[in-house]
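Asks: Input: one structure, supplied below.
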Amino acid sequence: MSKIITDKKKIKELLSRGVDEVINEKDLEKKLKSGKKLRVKLGIDPTSPNIHLGRAIPLLKLKDFQDLGHQIIFIVGDFTGVIGDTSDKESERPMLSKEDIKKNMTEYAAQAGKIINLRKCEVKYNSKWLKKLKYNEIGEQANLFSVAEFIARENIKKRLDKGSRVSLREMLYPLMQGYDSVAIKADVELGGTDQRFNLLAGRKMQEHFKQEPQNILMTELMAGTDSRKMSSSWGNTIDLTLEPNNMFGKVMSISDDLIVKYFTLVTRVPMDDIIGIESQIKSGANPRDIKAKLANEIVKMFYGEKKAKTASDNFDKQFKDNEIPDDIKEVKIENKKWDIIELLFETKLVSSKSDAKRMVKQGAVKIDDKKIISISEIEVKSGMIIQVGKRKFVKIS
RNA sequence: GGGUCGGUGGCAGAGCGGUCAAAUGCAUUAGACUGUAAAUCUAACGCCUUACGGCUACGUAGGUUCGAAUCCUACCCGGCCCA
């Protein structure tokens with residue numbers, strides 16, 4: 001029933017927006033225009049279930065393929081997950097248990113479902129075919145690659161130079177990812193540029209098994225809130241699990257010069273509009289407002305228009321106008337005289353009592369908009385609003 | 001198997017007998033300022049104590065010492081070189 005869309009403009013955008021490199025571009029373009037339904041593969045690493053904006057980029061690309069009517073296939077690396085990938089990390093990955101993987105995937109699906117229509121996807125666990133391979137078969141496949149190739153990879157090289165451990169086990173990873181492509185007969189595989197070697201392994205492997213080699217589409221890498229590459233090991237991610245207010249705020253905290261990049265990579269605002277935005281920035285428009293638009297756009301994608309609007313309003317209130325936001329968490333607590341330190345700790349506004357003292361000392365604590373300057377006793381009444389810093393509020397119920 | 005170097009706070013990485021709750025960078029938090037949770041500047045950043053101070057921490061377990069992250073022993077884990 002689903003027809004393949006072969007609109008030239010859409011294909012062009014598919015192949016260029018947020019795309020770092022396509023191998024082989026001509027071939028892929030031809031196939032996309034042919035009207036054939038392509039099998040598009042994306043591997044998922046089940047080690048950490050949190051999807052952040054960086055990891056969402058290939059997912060968005062996948063959605064673009066889906067929108068054109070192509071078949072998308074998730075490969076859950078339940079088997080490779082046990083091995084541990086190395087391509088986007090500079091440290092070795094821990095091995096995972098089956099239970100962990102299962103739990104992680106449930107969480108993953110909940111987030112990925114915000115971008116992709118999961119009902120129209122194939123989801124495959126690669127243990128299905130990988131665990132059946134015999135030693136001689138693995139040997140044969142391993143023969144397709146050389147050690148020099150493997151250690152020439154930037155990440156591996158870096159680790160080697162630094163003197164950290166690279167296990168033999170890790171060399172198996174590209175073989176497996178490559179064999180996945182064979183097993184599902186992939187036409188296209190997506191991945192970040194850091195996946196290059198693994199993606200190419202798929203082509204080699206497919207050729208070996210007399211299949212037509214898959215095309216590869218590598219997406220650009222995303223910069224995080226501190227302008228370095230977005231990665232969970234840097235702690236600079238914007239996670240999809242963030243609730244709207246926080247997500248909005250995090251986006252607002254990116255560096256100004258990343259605005260256009262974010263628009264291009266993680267939204268589907270038409271490219272023509274983005275060009276307009278770019279020139280607005282150049283001609284001196286207030287980046288704050290444009291960034292707010294971006295934040296709004298991103299929150300909208302994951303939570304819908306209404307919640308995005310609320311998040312946006314709350315942000316303005318809280319930071320621009322220094323007002324108290326509408327939806328504050330309520331806390332039930334005995335109405336009596338409380339020592340301010342105990343009170344802050346009890347309401348979980350601070351992580352420890354030392355922390356509470358610090359906050360008071362720094363002048364970060366406000367009760368009903370009145371600054372608390374010294375450690376003292378507070379008469380707690382319901383409806384009272386306690387504030388720590390600009391971002392943490394609690395209302396006594 | 002032999003030699004050798006190392007395992008430090010969320011991460012990276014100094015310290016190598018007292019002045020070490022442990023430099024510095026990143027991350028985090030607060031304050032000032034502002035265009036925002038940008039940028040910049042200032043400060044904080046184990047836990048408990050109003051404070052004095054106390055407690056727990058530098059791979060694990062013991063030991064030497066008035067005193068150990070620092071020295072010794074064993075063990076566990078890792079790097080490099082040799083075989």
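The chains in the structure tokens are called A, B, ... from first to last as shown; in each chain the residues are counted from 1, and the ligands are counted from 1 in the order shown.
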Tell me, as an NGL selection string, which residues lie within 8 Å of range 65-74 of chain B, counting only C-alpha atoms (C1' of nucleotides); anything in the same chain fewer than 3 positions away does not count.

Replies: :B and (8 or 16-18 or 58 or 62)

Asks: With the cut-off set at 9 Å and counting only C-alpha atoms (C1' of nucleotides), tabulate each residue of range 323-382 of chain A with an atom at most that distance from an atom of range 36-49 of chain B, showing the nearest atom pair and its distance in Å to one decimal, ordered by chain and increasing number, as a Markdown table.

Replies:
```
| residue | atom | partner | partner_atom | distance |
| --- | --- | --- | --- | --- |
| A:Ser352 | CA | B:C47 | C1' | 8.3 |
| A:Lys353 | CA | B:C48 | C1' | 8.5 |
| A:Ser354 | CA | B:C47 | C1' | 8.0 |
| A:Arg358 | CA | B:A44 | C1' | 7.3 |
| A:Gln362 | CA | B:A43 | C1' | 8.4 |
```

Asks: Residues of chain A within 10 Å of chain B, counting only C-alpha atoms (C1' of nucleotides) - could you list those as a PDB file with C-alpha atoms, in the first residue's frame?

Replies:
```
ATOM      1  CA  LYS A 162      47.823   7.007  25.222  1.00  0.00           C
ATOM      2  CA  GLY A 163      48.804   3.566  26.372  1.00  0.00           C
ATOM      3  CA  SER A 164      45.333   2.422  27.292  1.00  0.00           C
ATOM      4  CA  ARG A 165      44.073  -1.032  26.720  1.00  0.00           C
ATOM      5  CA  ASP A 226      29.823  23.180  25.997  1.00  0.00           C
ATOM      6  CA  SER A 233      30.954  10.785  28.832  1.00  0.00           C
ATOM      7  CA  TRP A 234      31.393  14.557  28.665  1.00  0.00           C
ATOM      8  CA  GLY A 235      28.169  15.234  30.483  1.00  0.00           C
ATOM      9  CA  ASN A 236      27.154  17.807  27.905  1.00  0.00           C
ATOM     10  CA  ASN A 246      14.495  21.512  31.303  1.00  0.00           C
ATOM     11  CA  PHE A 248      13.962  24.168  26.726  1.00  0.00           C
ATOM     12  CA  GLY A 249      16.486  25.540  29.178  1.00  0.00           C
ATOM     13  CA  LYS A 250      19.247  23.238  28.045  1.00  0.00           C
ATOM     14  CA  VAL A 251      18.787  24.290  24.474  1.00  0.00           C
ATOM     15  CA  MET A 252      18.932  27.896  25.605  1.00  0.00           C
ATOM     16  CA  SER A 253      22.268  27.164  27.174  1.00  0.00           C
ATOM     17  CA  ILE A 254      24.021  26.212  23.967  1.00  0.00           C
ATOM     18  CA  SER A 255      26.535  28.571  22.524  1.00  0.00           C
ATOM     19  CA  ASP A 256      25.131  31.182  20.165  1.00  0.00           C
ATOM     20  CA  ASP A 257      27.114  30.080  17.173  1.00  0.00           C
ATOM     21  CA  ASN A 286      19.091  39.174  19.045  1.00  0.00           C
ATOM     22  CA  PRO A 287      20.349  35.596  19.240  1.00  0.00           C
ATOM     23  CA  ARG A 288      18.354  35.069  22.388  1.00  0.00           C
ATOM     24  CA  ASP A 289      15.082  35.285  20.512  1.00  0.00           C
ATOM     25  CA  LYS A 291      17.539  30.530  20.235  1.00  0.00           C
ATOM     26  CA  ALA A 292      14.186  30.622  21.975  1.00  0.00           C
ATOM     27  CA  PHE A 315      11.382  30.232  30.762  1.00  0.00           C
ATOM     28  CA  ASP A 316      10.594  33.855  30.046  1.00  0.00           C
ATOM     29  CA  PHE A 319      14.665  34.117  33.758  1.00  0.00           C
ATOM     30  CA  LYS A 320      13.669  37.112  31.751  1.00  0.00           C
ATOM     31  CA  SER A 352      23.055  17.732  51.888  1.00  0.00           C
ATOM     32  CA  LYS A 353      22.979  19.996  54.885  1.00  0.00           C
ATOM     33  CA  SER A 354      26.389  21.358  54.027  1.00  0.00           C
ATOM     34  CA  ASP A 355      24.944  22.216  50.665  1.00  0.00           C
ATOM     35  CA  ARG A 358      26.328  26.997  51.348  1.00  0.00           C
ATOM     36  CA  MET A 359      23.197  28.108  49.557  1.00  0.00           C
ATOM     37  CA  VAL A 360      22.059  30.298  52.410  1.00  0.00           C
ATOM     38  CA  LYS A 361      25.499  31.806  52.726  1.00  0.00           C
ATOM     39  CA  GLN A 362      25.569  32.585  49.029  1.00  0.00           C
ATOM     40  CA  GLY A 363      22.215  34.280  49.173  1.00  0.00           C
ATOM     41  CA  ALA A 364      20.542  31.764  46.928  1.00  0.00           C
ATOM     42  CA  VAL A 365      17.590  31.000  49.158  1.00  0.00           C
ATOM     43  CA  ILE A 375      20.510  30.627  59.259  1.00  0.00           C
ATOM     44  CA  SER A 376      17.321  30.956  61.224  1.00  0.00           C
ATOM     45  CA  VAL A 388      16.936  27.920  45.775  1.00  0.00           C
ATOM     46  CA  GLY A 389      18.762  29.662  42.982  1.00  0.00           C
ATOM     47  CA  LYS A 390      16.832  30.576  39.892  1.00  0.00           C
ATOM     48  CA  ARG A 391      15.769  27.133  39.000  1.00  0.00           C
TER      49      ARG A 391
END
```

Asks: For the structure I just gave you, how does DSSP split range 175-316 of chain A - specifically, which residues are strand (DSSP E or B)? Reply as a list in words.

Replies: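 After running DSSP on the backbone, range 175-316 of chain A has strand (DSSP E or B) at Val188, Glu189, Leu190, Gly191, Gly192, Asn215, Ile216, Leu217, Met218, Thr219, Ala223, Lys229 and Asp239 of chain A.
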
Asks: Hey, what's within 10 Å of Lys61 in chain A if we count only C-alpha atoms (C1' of nucleotides) and toss same-chain stuff fewer than 2 positions away? As a list in words, please?

Replies: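 Listing them by chain and then by number gives Leu14, Leu15, Arg17, Gly18, Val19, Ala56, Ile57, Pro58, Leu59, Lys63, Asp64, Phe65, Gln66, Asp67, Ile115, Ile116, Leu190, Gly191, Leu217, Met218, Thr219, Leu265 and Val266 of chain A.
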
Asks: Save out the residues we just selected, C-alpha atoms, as a compact mmCIF listing (two decimals), in the first residue's frame.

Replies:
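Final output, again-v3.txt:
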```txt
# COMPACT_ATOMS: atom_id res chain seq x y z
CA LEU A 14 17.67 13.65 2.46
CA LEU A 15 21.13 13.27 1.04
CA ARG A 17 20.86 17.92 5.33
CA GLY A 18 23.07 17.20 8.30
CA VAL A 19 24.92 14.70 6.20
CA ALA A 56 18.72 11.59 17.64
CA ILE A 57 20.26 12.84 14.42
CA PRO A 58 20.52 9.46 12.69
CA LEU A 59 17.07 8.69 14.02
CA LYS A 63 12.47 9.08 9.86
CA ASP A 64 13.11 10.93 6.61
CA PHE A 65 13.64 7.60 4.93
CA GLN A 66 10.51 6.31 6.54
CA ASP A 67 8.55 9.30 5.33
CA ILE A 115 10.70 10.37 16.41
CA ILE A 116 9.98 7.23 14.49
CA LEU A 190 23.09 5.10 8.75
CA GLY A 191 25.55 6.17 11.35
CA LEU A 217 24.98 7.73 4.95
CA MET A 218 26.99 9.36 7.66
CA THR A 219 25.42 12.12 9.68
CA LEU A 265 20.48 18.85 12.41
CA VAL A 266 17.80 18.34 14.99
```

Asks: Within 12 Å of Ala183 in chain A, counting only C-alpha atoms (C1' of nucleotides), which residues qualify if same-chain residues fewer than 3 places away don't, as a list in words?

Replies: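 Listed by chain and then number, they are Arg39, Lys41, Ile73, Ile75, Lys124, Tyr125, Asn126, Ser127, Lys128, Trp129, Leu130, Lys132, Leu133, Met176, Gln177, Gly178, Tyr179, Asp180, Ala186, Asp187, Gly202, Met205, Gln206, Phe209 and Gln211 of chain A.
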
Asks: Just C-alpha atoms for this one: save the residues we selected as a PDB file, in the first residue's frame.

Replies:
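Okay, this is what ended up in part.pdb:
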```pdb
ATOM      1  CA  ARG A  39      15.980  -1.499   3.458  1.00  0.00           C
ATOM      2  CA  LYS A  41      19.514  -0.070   8.721  1.00  0.00           C
ATOM      3  CA  ILE A  73      15.295  -1.718  10.370  1.00  0.00           C
ATOM      4  CA  ILE A  75      19.442  -3.729  14.742  1.00  0.00           C
ATOM      5  CA  LYS A 124      16.033  -7.371  14.987  1.00  0.00           C
ATOM      6  CA  TYR A 125      18.334  -8.605  17.683  1.00  0.00           C
ATOM      7  CA  ASN A 126      21.653  -9.497  16.220  1.00  0.00           C
ATOM      8  CA  SER A 127      22.303 -12.325  18.642  1.00  0.00           C
ATOM      9  CA  LYS A 128      19.861 -14.257  16.475  1.00  0.00           C
ATOM     10  CA  TRP A 129      22.380 -14.787  13.729  1.00  0.00           C
ATOM     11  CA  LEU A 130      25.640 -13.919  15.401  1.00  0.00           C
ATOM     12  CA  LYS A 132      25.111 -19.225  15.410  1.00  0.00           C
ATOM     13  CA  LEU A 133      28.379 -18.456  13.707  1.00  0.00           C
ATOM     14  CA  MET A 176      29.648  -8.262  13.672  1.00  0.00           C
ATOM     15  CA  GLN A 177      28.185  -4.992  12.594  1.00  0.00           C
ATOM     16  CA  GLY A 178      29.195  -5.838   9.075  1.00  0.00           C
ATOM     17  CA  TYR A 179      27.627  -9.235   9.226  1.00  0.00           C
ATOM     18  CA  ASP A 180      24.399  -7.683  10.480  1.00  0.00           C
ATOM     19  CA  ALA A 186      20.634  -3.862   4.020  1.00  0.00           C
ATOM     20  CA  ASP A 187      20.526  -1.401   1.132  1.00  0.00           C
ATOM     21  CA  GLY A 202      29.315  -3.896   6.123  1.00  0.00           C
ATOM     22  CA  MET A 205      31.183  -8.225   4.225  1.00  0.00           C
ATOM     23  CA  GLN A 206      28.251  -8.029   1.852  1.00  0.00           C
ATOM     24  CA  PHE A 209      28.664 -12.872   0.688  1.00  0.00           C
ATOM     25  CA  GLN A 211      25.383  -9.206  -1.969  1.00  0.00           C
TER      26      GLN A 211
END
```

Asks: Report the distance between C1' of C52 in chain B and CA of Ile378 in chain A in Å, rounded to one decimal place.

Replies: 26.3 Å

Asks: Would you list, as number ranges by chain, the residues of range 232-368 of chain A that end up in alpha helix (DSSP H) under DSSP run on this structure's backbone?

Replies: A: 244-252, 259-266, 271-282, 287-303, 305-315, 340-346, 353-361

Asks: So that I can check the surroundings of G59 in chain B, please list as a PDB file with N, CA and C atoms (P, O5', C5', C4', C3', O3' and C1' of nucleotides), in the first residue's frame every protein, DNA and RNA residue that reaches within 9 Å of it, counting only C-alpha atoms (C1' of nucleotides) and ignoring chain neighbours fewer than 2 positions away.

Replies:
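What landed in around-v6.pdb:
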```pdb
ATOM      1  P     G B   7      48.963   5.401  40.230  1.00  0.00           P
ATOM      2  O5'   G B   7      47.792   4.844  39.299  1.00  0.00           O
ATOM      3  C5'   G B   7      46.477   5.400  39.295  1.00  0.00           C
ATOM      4  C4'   G B   7      45.513   4.262  39.286  1.00  0.00           C
ATOM      5  C3'   G B   7      44.613   4.176  40.527  1.00  0.00           C
ATOM      6  O3'   G B   7      43.264   4.439  40.179  1.00  0.00           O
ATOM      7  C1'   G B   7      45.564   2.055  39.962  1.00  0.00           C
ATOM      8  P     C B  76      46.342 -12.374  42.782  1.00  0.00           P
ATOM      9  O5'   C B  76      45.227 -11.288  42.442  1.00  0.00           O
ATOM     10  C5'   C B  76      43.853 -11.553  42.750  1.00  0.00           C
ATOM     11  C4'   C B  76      43.043 -10.309  42.482  1.00  0.00           C
ATOM     12  C3'   C B  76      43.265  -9.681  41.105  1.00  0.00           C
ATOM     13  O3'   C B  76      42.535 -10.336  40.095  1.00  0.00           O
ATOM     14  C1'   C B  76      43.338  -7.994  42.736  1.00  0.00           C
ATOM     15  P     C B  77      43.156 -10.378  38.620  1.00  0.00           P
ATOM     16  O5'   C B  77      43.007  -8.853  38.164  1.00  0.00           O
ATOM     17  C5'   C B  77      41.718  -8.308  37.893  1.00  0.00           C
ATOM     18  C4'   C B  77      41.867  -6.848  37.570  1.00  0.00           C
ATOM     19  C3'   C B  77      42.782  -6.524  36.393  1.00  0.00           C
ATOM     20  O3'   C B  77      42.173  -6.753  35.145  1.00  0.00           O
ATOM     21  C1'   C B  77      43.268  -5.061  38.166  1.00  0.00           C
TER      22        C B  77
END
```

Asks: Can you pull out every residue within 8 Å of range 21-25 of chain B, counting only C-alpha atoms (C1' of nucleotides), but drop anything in the same chain fewer than 6 positions away, and send it as number ranges by chain?

Replies: B: 12-15, 46

Asks: What does the structure give for the distance between CA of Val260 in chain A and CA of Ser16 in chain A, in Å to one decimal?

Replies: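 Between CA of Val260 in chain A and CA of Ser16 in chain A the gap works out to 15.1 Å.
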
Asks: Point out the residue among A:Ser382, A:Asn136, A:Gln280, A:Gln141 with the least atom-to-atom distance to Ile259 in chain A, counting only C-alpha atoms.

Replies: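 Among the listed residues, the smallest separation from Ile259 in chain A belongs to A:Gln280.
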
Asks: In Å, how far is it from CA of Pro174 in chain A to CA of Ile101 in chain A?

Replies: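 The value is 19.7 Å.
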
Asks: Pick out the residues sitting within 12 Å of Lys9 in chain A, and hand them over as a PyMOL selection string; count only C-alpha atoms (C1' of nucleotides), and ignore anything fewer than 2 positions along from it in its own chain.

Replies: chain A and resi 5-7+11-17+29+32-33+68+270-271

Asks: Next, write the just-selected residues to a file, as a PDB file, in the first residue's frame, keeping N, CA and C atoms as the atom set.

Replies:
```pdb
ATOM      1  N   ILE A   5       8.009   7.547  -2.350  1.00  0.00           N
ATOM      2  CA  ILE A   5       8.050   8.916  -2.860  1.00  0.00           C
ATOM      3  C   ILE A   5       9.414   9.164  -3.514  1.00  0.00           C
ATOM      4  N   THR A   6       9.387   9.698  -4.715  1.00  0.00           N
ATOM      5  CA  THR A   6      10.662   9.906  -5.419  1.00  0.00           C
ATOM      6  C   THR A   6      10.881  11.374  -5.763  1.00  0.00           C
ATOM      7  N   ASP A   7      10.228  12.220  -4.985  1.00  0.00           N
ATOM      8  CA  ASP A   7      10.354  13.656  -5.183  1.00  0.00           C
ATOM      9  C   ASP A   7      11.821  14.093  -5.138  1.00  0.00           C
ATOM     10  N   ILE A  11      14.575  14.111  -1.990  1.00  0.00           N
ATOM     11  CA  ILE A  11      15.738  13.224  -2.030  1.00  0.00           C
ATOM     12  C   ILE A  11      17.016  14.023  -1.847  1.00  0.00           C
ATOM     13  N   LYS A  12      17.028  15.177  -2.467  1.00  0.00           N
ATOM     14  CA  LYS A  12      18.213  16.008  -2.356  1.00  0.00           C
ATOM     15  C   LYS A  12      18.451  16.417  -0.902  1.00  0.00           C
ATOM     16  N   GLU A  13      17.372  16.793  -0.249  1.00  0.00           N
ATOM     17  CA  GLU A  13      17.519  17.179   1.161  1.00  0.00           C
ATOM     18  C   GLU A  13      17.930  15.986   2.012  1.00  0.00           C
ATOM     19  N   LEU A  14      17.336  14.865   1.728  1.00  0.00           N
ATOM     20  CA  LEU A  14      17.667  13.647   2.459  1.00  0.00           C
ATOM     21  C   LEU A  14      19.160  13.362   2.398  1.00  0.00           C
ATOM     22  N   LEU A  15      19.713  13.607   1.247  1.00  0.00           N
ATOM     23  CA  LEU A  15      21.129  13.272   1.041  1.00  0.00           C
ATOM     24  C   LEU A  15      22.093  14.367   1.486  1.00  0.00           C
ATOM     25  N   SER A  16      21.560  15.519   1.858  1.00  0.00           N
ATOM     26  CA  SER A  16      22.492  16.591   2.191  1.00  0.00           C
ATOM     27  C   SER A  16      22.325  17.166   3.589  1.00  0.00           C
ATOM     28  N   ARG A  17      21.083  17.246   4.057  1.00  0.00           N
ATOM     29  CA  ARG A  17      20.859  17.922   5.328  1.00  0.00           C
ATOM     30  C   ARG A  17      21.485  17.167   6.498  1.00  0.00           C
ATOM     31  N   GLU A  29      21.421   7.819  -4.771  1.00  0.00           N
ATOM     32  CA  GLU A  29      20.471   8.752  -5.377  1.00  0.00           C
ATOM     33  C   GLU A  29      19.647   8.027  -6.444  1.00  0.00           C
ATOM     34  N   LEU A  32      17.159   5.742  -4.825  1.00  0.00           N
ATOM     35  CA  LEU A  32      16.045   6.461  -4.216  1.00  0.00           C
ATOM     36  C   LEU A  32      15.047   6.915  -5.275  1.00  0.00           C
ATOM     37  N   LYS A  33      15.580   7.261  -6.429  1.00  0.00           N
ATOM     38  CA  LYS A  33      14.710   7.738  -7.501  1.00  0.00           C
ATOM     39  C   LYS A  33      14.015   6.601  -8.233  1.00  0.00           C
ATOM     40  N   LEU A  68       9.596   8.733   3.243  1.00  0.00           N
ATOM     41  CA  LEU A  68       9.600   8.499   1.796  1.00  0.00           C
ATOM     42  C   LEU A  68       9.071   7.111   1.454  1.00  0.00           C
ATOM     43  N   PRO A 270      12.103  23.939   7.480  1.00  0.00           N
ATOM     44  CA  PRO A 270      12.570  23.949   6.096  1.00  0.00           C
ATOM     45  C   PRO A 270      13.901  24.678   5.930  1.00  0.00           C
ATOM     46  N   MET A 271      14.743  24.146   5.100  1.00  0.00           N
ATOM     47  CA  MET A 271      16.065  24.722   4.898  1.00  0.00           C
ATOM     48  C   MET A 271      16.000  26.186   4.457  1.00  0.00           C
TER      49      MET A 271
END
```

Asks: Would you mind telling me which residue in A:Ile298, A:Leu144, A:Ile51, A:Val331 lies nearest to Thr267 in chain A when using only C-alpha atoms?

Replies: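 Of A:Ile298, A:Leu144, A:Ile51, A:Val331, the one nearest Thr267 in chain A is A:Ile298, counting only C-alpha atoms.
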
Asks: Have a look at A:Leu199, A:Asp369, A:Glu189, A:Ile274 and name the one nearest to Tyr173 in chain A; count only C-alpha atoms.

Replies: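 Ranking A:Leu199, A:Asp369, A:Glu189, A:Ile274 by distance to Tyr173 in chain A, first place goes to A:Leu199.
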